[in-house]
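What follows is the content of query_26.cif (mmCIF, C-alpha atoms and all ligand atoms).
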data_query
loop_
_atom_site.label_atom_id
_atom_site.label_comp_id
_atom_site.auth_asym_id
_atom_site.auth_seq_id
_atom_site.Cartn_x
_atom_site.Cartn_y
_atom_site.Cartn_z
CA MET A 274 -8.30 -4.54 -22.29
CA SER A 275 -11.02 -6.18 -24.34
CA ASP A 276 -12.20 -9.77 -23.95
CA ILE A 277 -13.15 -9.88 -20.27
CA GLN A 278 -12.92 -13.46 -19.07
CA GLU A 279 -15.03 -15.28 -16.52
CA PRO A 280 -13.54 -14.40 -13.08
CA VAL A 281 -11.72 -17.07 -11.09
CA ASP A 282 -13.87 -17.89 -8.05
CA THR A 283 -11.61 -17.43 -5.02
CA GLY A 284 -13.95 -17.66 -2.13
CA ASN A 285 -17.62 -18.27 -2.40
CA ASP A 286 -17.58 -21.87 -1.26
CA LYS A 287 -16.64 -20.71 2.23
CA ARG A 288 -19.13 -20.39 5.07
CA ASP A 289 -20.32 -17.26 6.86
CA GLY A 290 -21.16 -17.06 10.52
CA LEU A 291 -19.71 -19.49 13.06
CA ASP A 292 -16.35 -20.72 11.82
CA ARG A 293 -15.25 -23.37 14.27
CA CYS A 294 -11.92 -24.68 15.56
CA PRO A 295 -11.19 -27.95 13.73
CA ARG A 296 -10.33 -29.60 17.05
CA CYS A 297 -12.72 -28.35 19.76
CA GLY A 298 -15.41 -26.46 17.84
CA ALA A 299 -14.92 -23.09 19.56
CA THR A 300 -15.27 -19.92 17.46
CA GLU A 301 -12.76 -17.82 19.39
CA ILE A 302 -10.01 -18.05 16.77
CA GLY A 303 -7.42 -15.42 15.98
CA PRO A 304 -4.05 -14.88 14.32
CA VAL A 305 -0.76 -15.68 16.01
CA VAL A 306 0.77 -12.31 15.12
CA GLY A 307 4.31 -12.72 13.87
CA THR A 308 3.42 -15.94 12.02
CA HIS A 309 0.89 -17.06 9.41
CA LYS A 310 -0.84 -19.30 11.97
CA LEU A 311 -4.33 -19.22 13.43
CA GLN A 312 -4.94 -20.28 17.00
CA CYS A 313 -7.98 -21.41 18.97
CA ALA A 314 -8.26 -19.42 22.20
CA PHE A 315 -9.82 -22.36 24.05
CA CYS A 316 -7.82 -25.47 23.21
CA ARG A 317 -4.72 -23.60 21.94
CA TYR A 318 -4.67 -25.67 18.77
CA GLU A 319 -2.59 -23.89 16.10
CA TRP A 320 -2.66 -24.41 12.37
CA GLU A 321 -1.50 -22.67 9.22
CA PRO A 322 -3.99 -22.29 6.37
CA GLY A 323 -2.47 -22.61 2.92
CA ALA A 324 -0.96 -19.92 0.74
CA PHE A 325 -3.23 -18.06 -1.64
CA ASP A 326 -3.59 -19.81 -4.97
CA ALA A 327 -5.70 -18.16 -7.63
CA GLY A 328 -5.67 -21.28 -9.77
CA ALA A 329 -4.77 -22.11 -13.34
CA ALA A 330 -5.59 -18.74 -14.90
CA PHE A 331 -2.88 -17.24 -12.72
CA ASP A 332 -0.25 -19.82 -13.65
CA VAL A 333 -0.01 -18.43 -17.19
CA PRO A 334 3.41 -16.71 -17.58
CA LEU A 335 3.31 -12.90 -17.41
CA ASP A 336 4.28 -12.47 -21.07
CA GLU A 337 1.39 -14.68 -22.19
CA ILE A 338 -1.43 -12.90 -20.33
CA VAL A 339 -4.13 -11.87 -22.78
CA GLY A 340 -7.22 -9.80 -22.00
CA THR A 341 -8.37 -9.01 -18.49
CA VAL A 342 -8.02 -11.91 -16.06
CA THR A 343 -9.84 -11.34 -12.77
CA THR A 344 -11.06 -13.04 -9.62
CA THR A 345 -14.39 -12.79 -7.86
CA GLY A 346 -12.63 -10.63 -5.24
CA VAL A 347 -12.11 -7.78 -7.73
CA ALA A 348 -15.67 -7.85 -9.10
CA ASP A 349 -17.16 -4.42 -9.73
CA ILE A 350 -18.78 -2.98 -6.64
CA GLU A 351 -22.56 -2.57 -6.78
CA ALA A 352 -23.31 1.07 -6.08
CA ALA A 353 -26.36 0.22 -3.97
CA ALA A 354 -24.65 -2.50 -1.93
CA SER A 355 -24.68 -1.73 1.78
CA THR A 356 -21.61 -2.15 3.95
CA MET A 357 -23.95 -3.52 6.62
CA VAL A 358 -24.29 -7.27 6.45
CA THR A 359 -26.66 -9.28 8.63
CA LEU A 360 -25.48 -12.72 9.69
CA LYS A 361 -27.73 -15.24 11.38
CA CYS A 362 -25.89 -16.77 14.34
CA GLN A 363 -25.97 -20.54 13.96
CA GLY A 364 -25.38 -20.80 17.72
CA CYS A 365 -28.50 -19.09 19.02
CA GLY A 366 -30.41 -17.87 15.99
CA ALA A 367 -29.90 -14.16 16.68
CA GLU A 368 -29.32 -11.77 13.81
CA VAL A 369 -26.03 -9.91 14.05
CA VAL A 370 -25.12 -6.89 11.95
CA ILE A 371 -21.51 -6.37 10.83
CA ASP A 372 -20.26 -3.07 9.45
CA THR A 373 -18.01 -4.58 6.79
CA GLY A 374 -16.54 -1.15 6.07
CA ARG A 375 -14.59 -1.50 9.32
CA SER A 376 -14.59 -5.13 10.30
CA LEU A 377 -15.18 -8.57 8.86
CA GLN A 378 -16.06 -10.21 12.15
CA ALA A 379 -18.53 -9.53 14.96
CA ARG A 380 -19.41 -11.12 18.27
CA CYS A 381 -22.95 -12.35 18.73
CA HIS A 382 -24.32 -10.20 21.54
CA TRP A 383 -26.47 -13.09 22.84
CA CYS A 384 -24.24 -16.16 22.84
CA ARG A 385 -20.85 -14.37 22.66
CA GLN A 386 -19.61 -16.54 19.78
CA VAL A 387 -17.64 -14.92 16.97
CA LEU A 388 -19.21 -14.61 13.50
CA SER A 389 -17.09 -14.25 10.35
CA GLN A 390 -17.84 -12.80 6.93
CA ASN A 391 -15.97 -15.18 4.62
CA THR A 392 -17.82 -15.18 1.31
CA GLN A 393 -17.42 -12.25 -1.05
CA ILE A 394 -20.13 -9.61 -1.02
CA PRO A 395 -20.98 -7.01 -3.68
CA ASN A 396 -19.66 -4.07 -1.62
CA GLY A 397 -15.99 -4.88 -2.17
CA ALA A 398 -15.18 -5.58 1.49
CA VAL A 399 -14.03 -9.19 1.11
CA PRO A 400 -10.79 -9.69 -0.87
CA ASP A 401 -9.22 -12.77 -2.45
CA ALA A 402 -6.16 -12.84 -0.26
CA LEU A 403 -4.54 -11.28 2.76
CA LEU A 404 -1.02 -10.81 4.04
CA PRO A 405 -0.97 -11.48 7.82
CA PHE A 406 0.80 -9.14 10.25
CA THR A 407 4.28 -10.41 11.07
CA VAL A 408 5.41 -7.20 12.81
CA THR A 409 3.87 -7.43 16.30
CA HIS A 410 2.23 -4.58 18.22
CA PRO A 411 5.20 -4.11 20.61
CA GLN A 412 7.58 -4.00 17.62
CA ALA A 413 5.37 -1.45 15.85
CA VAL A 414 5.19 0.71 18.99
CA GLU A 415 9.00 0.68 19.21
CA LEU A 416 9.38 1.61 15.53
CA ILE A 417 6.93 4.49 15.85
CA ARG A 418 8.47 5.67 19.11
CA GLY A 419 11.89 5.62 17.44
CA PHE A 420 10.62 7.51 14.40
CA ALA A 421 9.04 10.23 16.54
CA SER A 422 11.92 10.55 18.98
CA ARG A 423 14.46 11.07 16.22
CA ARG A 424 12.40 14.14 15.28
CA ARG A 425 11.46 15.08 18.81
CA MET A 426 13.35 18.36 19.02
CA PHE A 427 11.35 19.70 16.08
CA ALA A 428 7.94 18.46 17.10
CA LEU A 429 5.12 20.59 18.45
CA LYS A 430 5.01 20.62 22.24
CA ARG A 431 1.43 19.35 22.23
CA PHE A 432 2.33 16.46 19.95
CA ARG A 433 5.15 15.44 22.26
CA GLU A 434 2.94 15.66 25.32
CA GLU A 435 0.09 13.75 23.77
CA PHE A 436 2.23 11.17 22.05
CA VAL A 437 1.00 7.77 23.18
CA PRO A 438 2.62 5.05 21.08
CA GLU A 439 0.30 2.52 22.69
CA ASN A 440 -2.48 4.04 20.57
CA VAL A 441 -0.93 2.35 17.56
CA VAL A 442 -3.60 0.32 15.75
CA GLY A 443 -3.34 -2.40 13.14
CA VAL A 444 -5.41 -1.97 9.98
CA TYR A 445 -5.81 -4.17 6.93
CA MET A 446 -5.75 -1.81 3.94
CA PRO A 447 -7.28 -2.74 0.56
CA TYR A 448 -5.05 -2.97 -2.49
CA LEU A 449 -5.24 -4.45 -5.96
CA LEU A 450 -2.30 -6.42 -7.27
CA VAL A 451 -1.79 -6.13 -11.01
CA ASP A 452 0.23 -8.32 -13.36
CA GLY A 453 0.66 -6.93 -16.84
CA ASN A 454 1.79 -7.98 -20.31
CA LEU A 455 2.61 -4.81 -22.22
CA HIS A 456 4.21 -3.21 -25.23
CA ALA A 457 5.62 0.31 -25.35
CA ASP A 458 6.79 2.61 -28.16
CA ILE A 459 8.77 5.52 -26.80
CA ALA A 460 10.53 8.35 -28.64
CA GLY A 461 12.62 11.31 -27.62
CA GLN A 462 15.93 13.12 -27.96
CA GLY A 463 19.23 11.91 -26.57
CA GLU A 464 22.46 13.86 -26.28
CA ILE A 465 26.04 12.63 -26.48
CA LYS A 466 28.81 14.99 -25.38
CA THR A 467 31.46 15.58 -28.05
CA ARG A 468 33.63 18.31 -26.49
CA THR A 469 34.13 20.20 -23.22
CA TYR A 470 35.95 23.55 -23.18
CA GLN A 471 36.32 26.73 -21.17
CA ARG A 472 36.10 30.36 -22.18
CA GLY A 473 36.54 33.71 -20.47
CA PRO A 474 39.22 35.46 -18.41
CA ASP A 475 41.38 33.38 -16.08
CA ASN A 476 39.47 34.39 -12.94
CA ASN A 477 36.01 33.82 -14.42
CA LYS A 478 35.99 30.86 -16.77
CA THR A 479 32.78 29.32 -18.03
CA THR A 480 32.60 25.68 -19.06
CA TYR A 481 30.82 24.84 -22.32
CA TYR A 482 29.72 21.52 -23.74
CA ASP A 483 29.15 20.52 -27.32
CA ALA A 484 26.81 17.60 -27.87
CA ASP A 485 25.27 15.75 -30.76
CA VAL A 486 21.52 15.38 -30.52
CA TYR A 487 19.96 12.15 -31.70
CA ARG A 488 16.41 11.03 -32.22
CA VAL A 489 15.97 7.99 -29.95
CA THR A 490 13.16 5.48 -30.30
CA ARG A 491 12.59 2.28 -28.40
CA SER A 492 9.93 -0.33 -29.07
CA PHE A 493 9.74 -3.22 -26.63
CA ASP A 494 7.62 -5.72 -24.72
CA PHE A 495 7.69 -5.74 -20.94
CA THR A 496 5.86 -7.31 -18.01
CA VAL A 497 4.99 -6.24 -14.48
CA ASP A 498 4.45 -8.55 -11.52
CA ASP A 499 2.26 -7.59 -8.53
CA LEU A 500 2.12 -3.86 -9.10
CA THR A 501 0.44 -2.73 -5.86
CA VAL A 502 -2.23 -0.04 -6.09
CA GLU A 503 -4.47 1.52 -3.48
CA SER A 504 -8.13 0.55 -3.90
CA SER A 505 -9.68 2.80 -1.26
CA SER A 506 -10.53 6.21 -2.70
CA ALA A 507 -10.13 7.88 0.71
CA ARG A 508 -6.54 6.60 0.89
CA ALA A 509 -5.89 7.48 -2.72
CA ASP A 510 -6.79 11.11 -1.85
CA LEU A 511 -3.39 12.70 -2.16
CA ASP A 512 -4.40 16.21 -1.14
CA THR A 513 -1.37 17.05 0.97
CA SER A 514 -2.98 20.20 2.34
CA ARG A 515 -5.38 18.08 4.39
CA ASN A 516 -3.61 14.87 5.23
CA THR A 517 -0.62 12.68 4.67
CA ASN A 518 -2.38 9.65 3.22
CA ASN A 519 0.38 9.15 0.72
CA VAL A 520 2.51 8.02 3.66
CA ILE A 521 0.90 4.61 3.22
CA ASN A 522 2.34 4.29 -0.26
CA THR A 523 5.81 5.15 0.94
CA ILE A 524 5.98 1.99 3.06
CA LEU A 525 5.58 -0.24 0.00
CA PRO A 526 6.62 -2.82 -1.08
CA PHE A 527 4.96 -5.77 0.62
CA ASP A 528 6.01 -9.37 0.04
CA THR A 529 2.72 -10.05 -1.71
CA LYS A 530 3.87 -13.47 -2.98
CA ASN A 531 3.41 -14.76 0.58
CA ALA A 532 -0.28 -13.83 0.79
CA VAL A 533 -2.67 -16.39 2.22
CA ALA A 534 -6.21 -17.08 1.04
CA TYR A 535 -8.56 -14.62 2.77
CA ASP A 536 -9.94 -15.94 6.05
CA ALA A 537 -11.83 -13.59 8.42
CA ARG A 538 -10.22 -15.29 11.38
CA TYR A 539 -6.98 -13.42 10.64
CA MET A 540 -8.78 -10.24 11.75
CA GLY A 541 -8.36 -10.66 15.51
CA ASP A 542 -8.20 -7.16 17.00
CA PHE A 543 -7.37 -5.58 13.66
CA THR A 544 -9.83 -3.46 11.72
CA SER A 545 -10.08 -3.44 7.96
CA GLU A 546 -10.86 -0.86 5.35
CA LYS A 547 -13.14 -1.63 2.45
CA ARG A 548 -12.17 -1.47 -1.21
CA ASP A 549 -14.34 1.11 -3.00
CA LEU A 550 -12.47 1.37 -6.33
CA ASP A 551 -13.00 -1.01 -9.24
CA ILE A 552 -10.46 -1.88 -11.91
CA ALA A 553 -11.69 1.07 -13.99
CA GLY A 554 -11.22 3.37 -10.99
CA VAL A 555 -7.56 2.50 -10.44
CA MET A 556 -6.70 2.18 -14.15
CA PRO A 557 -5.50 5.83 -14.53
CA THR A 558 -3.05 5.27 -11.64
CA VAL A 559 -1.96 1.93 -13.08
CA ARG A 560 -1.36 3.44 -16.54
CA HIS A 561 0.64 6.24 -15.00
CA GLN A 562 2.85 3.75 -13.14
CA LEU A 563 3.21 1.51 -16.21
CA LEU A 564 4.34 4.49 -18.28
CA SER A 565 7.00 5.42 -15.78
CA ILE A 566 8.20 1.78 -15.75
CA ALA A 567 8.27 1.91 -19.58
CA ARG A 568 10.29 5.15 -19.60
CA GLN A 569 12.77 3.71 -17.11
CA THR A 570 13.08 0.51 -19.15
CA ALA A 571 13.70 2.58 -22.31
CA THR A 572 16.32 4.70 -20.54
CA ASP A 573 18.11 1.57 -19.27
CA ALA A 574 18.05 0.18 -22.82
CA ALA A 575 19.84 3.27 -24.24
CA PRO A 576 22.95 3.64 -22.07
CA GLY A 577 25.17 5.60 -24.50
CA TYR A 578 23.54 9.02 -24.05
CA ASP A 579 25.80 10.57 -21.44
CA ARG A 580 23.95 13.91 -21.51
CA GLY A 581 20.62 12.17 -20.93
CA ILE A 582 17.47 11.46 -22.90
CA ARG A 583 14.31 13.55 -22.94
CA TRP A 584 11.35 11.29 -23.75
CA GLU A 585 8.71 13.16 -25.73
CA SER A 586 6.10 10.65 -26.79
CA GLU A 587 4.90 7.34 -25.42
CA GLN A 588 2.46 4.71 -26.56
CA LEU A 589 1.40 1.95 -24.23
CA ASP A 590 -0.33 -1.15 -25.54
CA VAL A 591 -1.88 -3.22 -22.74
CA LYS A 592 -2.00 -6.75 -24.11
CA GLY A 593 -3.18 -8.34 -20.90
CA THR A 594 -3.68 -7.74 -17.18
CA ARG A 595 -4.43 -9.96 -14.22
CA TRP A 596 -5.95 -8.69 -10.97
CA VAL A 597 -6.18 -9.85 -7.36
CA ALA A 598 -7.75 -8.03 -4.38
CA VAL A 599 -5.71 -8.18 -1.17
CA LEU A 600 -5.70 -6.75 2.32
CA LEU A 601 -2.24 -5.60 3.42
CA PRO A 602 -1.17 -5.07 7.06
CA VAL A 603 -0.35 -1.54 8.29
CA TRP A 604 0.24 -0.28 11.82
CA LEU A 605 -0.96 3.30 12.18
CA TYR A 606 -0.49 6.10 14.64
CA SER A 607 -2.53 9.16 13.79
CA TYR A 608 -2.50 12.66 15.19
CA TYR A 609 -4.97 15.43 14.42
CA GLU A 610 -3.27 18.82 14.36
CA LYS A 611 -5.41 21.93 14.76
CA LYS A 612 -3.51 24.75 13.12
CA SER A 613 -3.58 28.33 14.40
CA ASP A 614 -5.61 29.43 11.34
CA GLY A 615 -8.35 27.00 12.39
CA SER A 616 -7.64 24.40 9.72
CA ALA A 617 -6.92 20.82 10.64
CA PHE A 618 -4.29 18.45 9.40
CA LEU A 619 -4.16 14.72 9.91
CA HIS A 620 -0.69 13.35 10.54
CA TYR A 621 0.20 9.68 10.31
CA ILE A 622 3.07 7.49 11.17
CA ALA A 623 2.69 4.15 9.38
CA VAL A 624 4.60 0.90 9.75
CA ASN A 625 4.63 -1.82 7.11
CA GLY A 626 3.21 -4.82 8.98
CA ARG A 627 5.64 -7.14 7.17
CA THR A 628 8.94 -5.30 6.74
CA GLY A 629 8.82 -2.75 9.56
CA GLU A 630 9.46 0.07 7.07
CA THR A 631 8.31 3.22 8.90
CA MET A 632 7.29 6.56 7.42
CA GLY A 633 5.24 9.43 8.60
CA SER A 634 4.80 13.07 9.30
CA ILE A 635 4.79 14.90 12.59
CA PRO A 636 3.48 18.39 13.36
CA VAL A 637 6.48 20.70 13.36
CA ASN A 638 7.26 23.63 15.61
CA VAL A 639 8.26 26.31 13.08
CA PRO A 640 10.35 28.70 15.28
CA LYS A 641 12.37 25.71 16.46
CA LEU A 642 13.03 24.75 12.89
CA VAL A 643 14.39 28.20 12.11
CA VAL A 644 16.77 28.08 15.07
CA ALA A 645 17.86 24.61 14.07
CA ALA A 646 18.43 25.79 10.51
CA LEU A 647 20.90 28.40 11.74
CA VAL A 648 22.75 25.81 13.76
CA VAL A 649 22.61 22.80 11.50
CA GLY A 650 21.50 23.80 8.05
CA ALA A 651 21.46 20.29 6.76
CA VAL A 652 18.93 19.02 9.24
CA LEU A 653 16.27 21.47 8.09
CA GLU A 654 16.14 19.91 4.68
CA ALA A 655 15.42 16.51 6.14
CA ILE A 656 12.71 17.74 8.45
CA ALA A 657 10.93 20.52 6.59
CA ILE A 658 9.26 18.25 4.10
CA PRO A 659 6.19 16.51 5.51
CA ILE A 660 7.31 13.00 4.77
CA VAL A 661 10.57 11.97 6.30
CA ALA A 662 12.30 8.74 5.51
CA ALA A 663 13.17 6.38 8.29
CA SER A 664 15.10 3.19 8.20
CA ALA A 665 13.65 -0.24 8.70
CA TRP A 666 14.47 -2.07 11.92
ZN ZN B 1 -10.13 -25.35 19.74
ZN ZN B 2 -25.46 -16.24 18.95
#
Structure rendered as structure tokens:
Amino acid sequence: MSDIQEPVDTGNDKRDGLDRCPRCGATEIGPVVGTHKLQCAFCRYEWEPGAFDAGAAFDVPLDEIVGTVTTTGVADIEAAASTMVTLKCQGCGAEVVIDTGRSLQARCHWCRQVLSQNTQIPNGAVPDALLPFTVTHPQAVELIRGFASRRRMFALKRFREEFVPENVVGVYMPYLLVDGNLHADIAGQGEIKTRTYQRGPDNNKTTYYDADVYRVTRSFDFTVDDLTVESSSARADLDTSRNTNNVINTILPFDTKNAVAYDARYMGDFTSEKRDLDIAGVMPTVRHQLLSIARQTATDAAPGYDRGIRWESEQLDVKGTRWVAVLLPVWLYSYYEKKSDGSAFLHYIAVNGRTGETMGSIPVNVPKLVVAALVVGAVLEAIAIPIVAASAW
């Protein structure tokens, strides 16, 4: 992780403020949800900006990445940088403030034209790339309705009564994509079964195994492509006693290869969340994930141990990494549960804005669960844990 290279500039030649329709000059431009297109609300002209291309530094094959390759979109956040950005409206000269922690566009309150924040700013709000929503709002509402109704008989009465799928909102969530060129040395003990036999009286036999134990070591190079890690510390808060933030990570993966270059005009009615973690801040999570990939790779490379392998020591050598900041599309339905002991718990149902993968938690009526457990024991298991898997549409 030494030799930090000059970051690839992915966006500072863009313009902030009025960003006009190439045909009629209007600023009322938004996404055509379900596609990668932008559309002018006045003349209806539609066009598709190009795919994201981070340039030559990102064309280097994964196994040749050396050092830390970055873009301007993943630059370290300046601690003092405000989320509030003031744009001067080129239409009327008014000064318009945008809270970039929530939105990357604002309407000028004097001339009603839309202003966009396109260039990167030191607070981490503007990424390199973005993956547009292809799951539409009506589709997301149906997915969330389906998810909740399959669990309806277990849900709290209040949750059922207050359930309004139309409150589903689209949010662009900040992530870092990581490519890596790595080497791992892993050692442990593997067992191979040599004999199976039974002992004891006829009505109470016990089965025994004999196994040979081997010292297993594996030393190998490996690469990762677009590892996707949360770059908002609030979302990375995995305290499951307060919230179900980790739901967002259960709707991965996203088809990140299809990302487009960031353009504020994709925002439309969506809000966005700001990145507040730098590379150093997500590195512990990345290392953790790389180690589990390494262990899995080592296990796959040692198939003969039919009684399993217990890995005991690991060494990870990060030869090179490459980083891109993206906004990824998530539909969210949230519900704030006030528990009887006065504590509060935030439930979410989240839909991957690309694949429709839906996950979430709903507040559960405990007595109903107990009754259900007596009737259908198997169902309890699927419902009692806070995160319940649901199929894609
Ligand atoms: Zn137009
Ligand atoms: Zn104006």
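Neighbouring residues of ligand ZN 2 (chain B) at a cut-off of 10 Å, counting all atoms listed in the file, are Gly290, Leu291, Leu360, Lys361, Cys362, Gln363, Gly364, Cys365, Gly366, Ala367, Glu368, Val369, Arg380, Cys381, His382, Trp383, Cys384, Arg385, Gln386, Val387 and Leu388 of chain A.
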Dump C-alpha atoms for the selected residues as a JSON list (two decimals), in the frame of the given file?
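Saved as selection-v1.json:
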[["chain", "number", "residue", "atom", "x", "y", "z"],
["A", 290, "GLY", "CA", -21.16, -17.06, 10.52],
["A", 291, "LEU", "CA", -19.71, -19.49, 13.06],
["A", 360, "LEU", "CA", -25.48, -12.72, 9.69],
["A", 361, "LYS", "CA", -27.73, -15.24, 11.38],
["A", 362, "CYS", "CA", -25.89, -16.77, 14.34],
["A", 363, "GLN", "CA", -25.97, -20.54, 13.96],
["A", 364, "GLY", "CA", -25.38, -20.80, 17.72],
["A", 365, "CYS", "CA", -28.50, -19.09, 19.02],
["A", 366, "GLY", "CA", -30.41, -17.87, 15.99],
["A", 367, "ALA", "CA", -29.90, -14.16, 16.68],
["A", 368, "GLU", "CA", -29.32, -11.77, 13.81],
["A", 369, "VAL", "CA", -26.03, -9.91, 14.05],
["A", 380, "ARG", "CA", -19.41, -11.12, 18.27],
["A", 381, "CYS", "CA", -22.95, -12.35, 18.73],
["A", 382, "HIS", "CA", -24.32, -10.20, 21.54],
["A", 383, "TRP", "CA", -26.47, -13.09, 22.84],
["A", 384, "CYS", "CA", -24.24, -16.16, 22.84],
["A", 385, "ARG", "CA", -20.85, -14.37, 22.66],
["A", 386, "GLN", "CA", -19.61, -16.54, 19.78],
["A", 387, "VAL", "CA", -17.64, -14.92, 16.97],
["A", 388, "LEU", "CA", -19.21, -14.61, 13.50]]
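Checking A:Ser545, A:Cys316, A:Lys592, A:Ile371 one by one against Val339 of chain A, counting only C-alpha atoms, you find the shortest gap at A:Lys592.
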Please extract the residues at most 7 Å from ligand ZN 1 (chain B), counting all atoms listed in the file, and provide them as a VMD selection string, using the chain letters and residue numbers of this document.
-> chain A and resid 294 to 299 313 to 318
note - atom CA of Leu525 of chain A and atom CA of Val502 of chain A are separated by 9.9 Å
Quiz item: Excluding same-chain residues fewer than 4 positions from Gln412 of chain A, what lies within 12 Å of it counting all atoms listed in the file, as an MDAnalysis selection string?
Solution: chainID A and resid 306:307 406:408 416:419 438:439 441 443 604 624:631 665:666
As a PDB file with C-alpha atoms, keeping the file's coordinate frame, please: the residues near Ile582 of chain A (cut-off 10 Å, all atoms listed in the file, same-chain neighbours under 2 positions excluded).
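The result, written out as part-v3.pdb:
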ATOM      1  CA  ALA A 460      10.530   8.350 -28.640  1.00  0.00           C
ATOM      2  CA  GLY A 461      12.620  11.310 -27.620  1.00  0.00           C
ATOM      3  CA  GLN A 462      15.930  13.120 -27.960  1.00  0.00           C
ATOM      4  CA  GLY A 463      19.230  11.910 -26.570  1.00  0.00           C
ATOM      5  CA  GLU A 464      22.460  13.860 -26.280  1.00  0.00           C
ATOM      6  CA  ILE A 465      26.040  12.630 -26.480  1.00  0.00           C
ATOM      7  CA  VAL A 486      21.520  15.380 -30.520  1.00  0.00           C
ATOM      8  CA  TYR A 487      19.960  12.150 -31.700  1.00  0.00           C
ATOM      9  CA  ARG A 488      16.410  11.030 -32.220  1.00  0.00           C
ATOM     10  CA  VAL A 489      15.970   7.990 -29.950  1.00  0.00           C
ATOM     11  CA  ALA A 571      13.700   2.580 -22.310  1.00  0.00           C
ATOM     12  CA  THR A 572      16.320   4.700 -20.540  1.00  0.00           C
ATOM     13  CA  ALA A 575      19.840   3.270 -24.240  1.00  0.00           C
ATOM     14  CA  PRO A 576      22.950   3.640 -22.070  1.00  0.00           C
ATOM     15  CA  GLY A 577      25.170   5.600 -24.500  1.00  0.00           C
ATOM     16  CA  TYR A 578      23.540   9.020 -24.050  1.00  0.00           C
ATOM     17  CA  ASP A 579      25.800  10.570 -21.440  1.00  0.00           C
ATOM     18  CA  ARG A 580      23.950  13.910 -21.510  1.00  0.00           C
ATOM     19  CA  TRP A 584      11.350  11.290 -23.750  1.00  0.00           C
ATOM     20  CA  GLU A 585       8.710  13.160 -25.730  1.00  0.00           C
TER      21      GLU A 585
END
As a check of understanding: the span from atom CA of Leu450 of chain A to atom CA of Glu319 of chain A is 29.2 Å
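Between atom CA of Thr343 of chain A and atom CA of Ile394 of chain A the interatomic distance comes to 15.7 Å.
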Reconstruct segment 579-589 of chain A at the level of N, CA, C and O atoms, and format the result as a tab-separated table (two decimals), keeping the file's coordinate frame.
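New file result08.tsv:
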chain	number	residue	atom	x	y	z
A	579	ASP	N	25.25	10.10	-22.72
A	579	ASP	CA	25.80	10.57	-21.44
A	579	ASP	C	25.26	11.92	-21.01
A	579	ASP	O	25.44	12.34	-19.88
A	580	ARG	N	24.59	12.64	-21.91
A	580	ARG	CA	23.95	13.91	-21.51
A	580	ARG	C	22.44	13.69	-21.29
A	580	ARG	O	21.69	14.66	-21.17
A	581	GLY	N	22.01	12.47	-21.27
A	581	GLY	CA	20.62	12.17	-20.93
A	581	GLY	C	19.69	12.09	-22.13
A	581	GLY	O	20.06	12.43	-23.26
A	582	ILE	N	18.49	11.57	-21.86
A	582	ILE	CA	17.47	11.46	-22.90
A	582	ILE	C	16.21	12.17	-22.40
A	582	ILE	O	15.84	12.04	-21.24
A	583	ARG	N	15.60	12.94	-23.29
A	583	ARG	CA	14.31	13.55	-22.94
A	583	ARG	C	13.23	12.84	-23.74
A	583	ARG	O	13.16	12.96	-24.97
A	584	TRP	N	12.41	12.02	-23.05
A	584	TRP	CA	11.35	11.29	-23.75
A	584	TRP	C	10.21	12.23	-24.06
A	584	TRP	O	9.77	12.99	-23.21
A	585	GLU	N	9.73	12.19	-25.31
A	585	GLU	CA	8.71	13.16	-25.73
A	585	GLU	C	7.37	12.53	-26.08
A	585	GLU	O	6.34	13.17	-26.02
A	586	SER	N	7.39	11.27	-26.49
A	586	SER	CA	6.10	10.65	-26.79
A	586	SER	C	6.13	9.18	-26.38
A	586	SER	O	7.17	8.53	-26.45
A	587	GLU	N	4.99	8.72	-25.90
A	587	GLU	CA	4.90	7.34	-25.42
A	587	GLU	C	3.60	6.73	-25.86
A	587	GLU	O	2.56	7.39	-25.85
A	588	GLN	N	3.67	5.46	-26.22
A	588	GLN	CA	2.46	4.71	-26.56
A	588	GLN	C	2.49	3.42	-25.78
A	588	GLN	O	3.49	2.69	-25.84
A	589	LEU	N	1.44	3.16	-25.03
A	589	LEU	CA	1.40	1.95	-24.23
A	589	LEU	C	0.29	1.05	-24.75
A	589	LEU	O	-0.85	1.47	-24.87
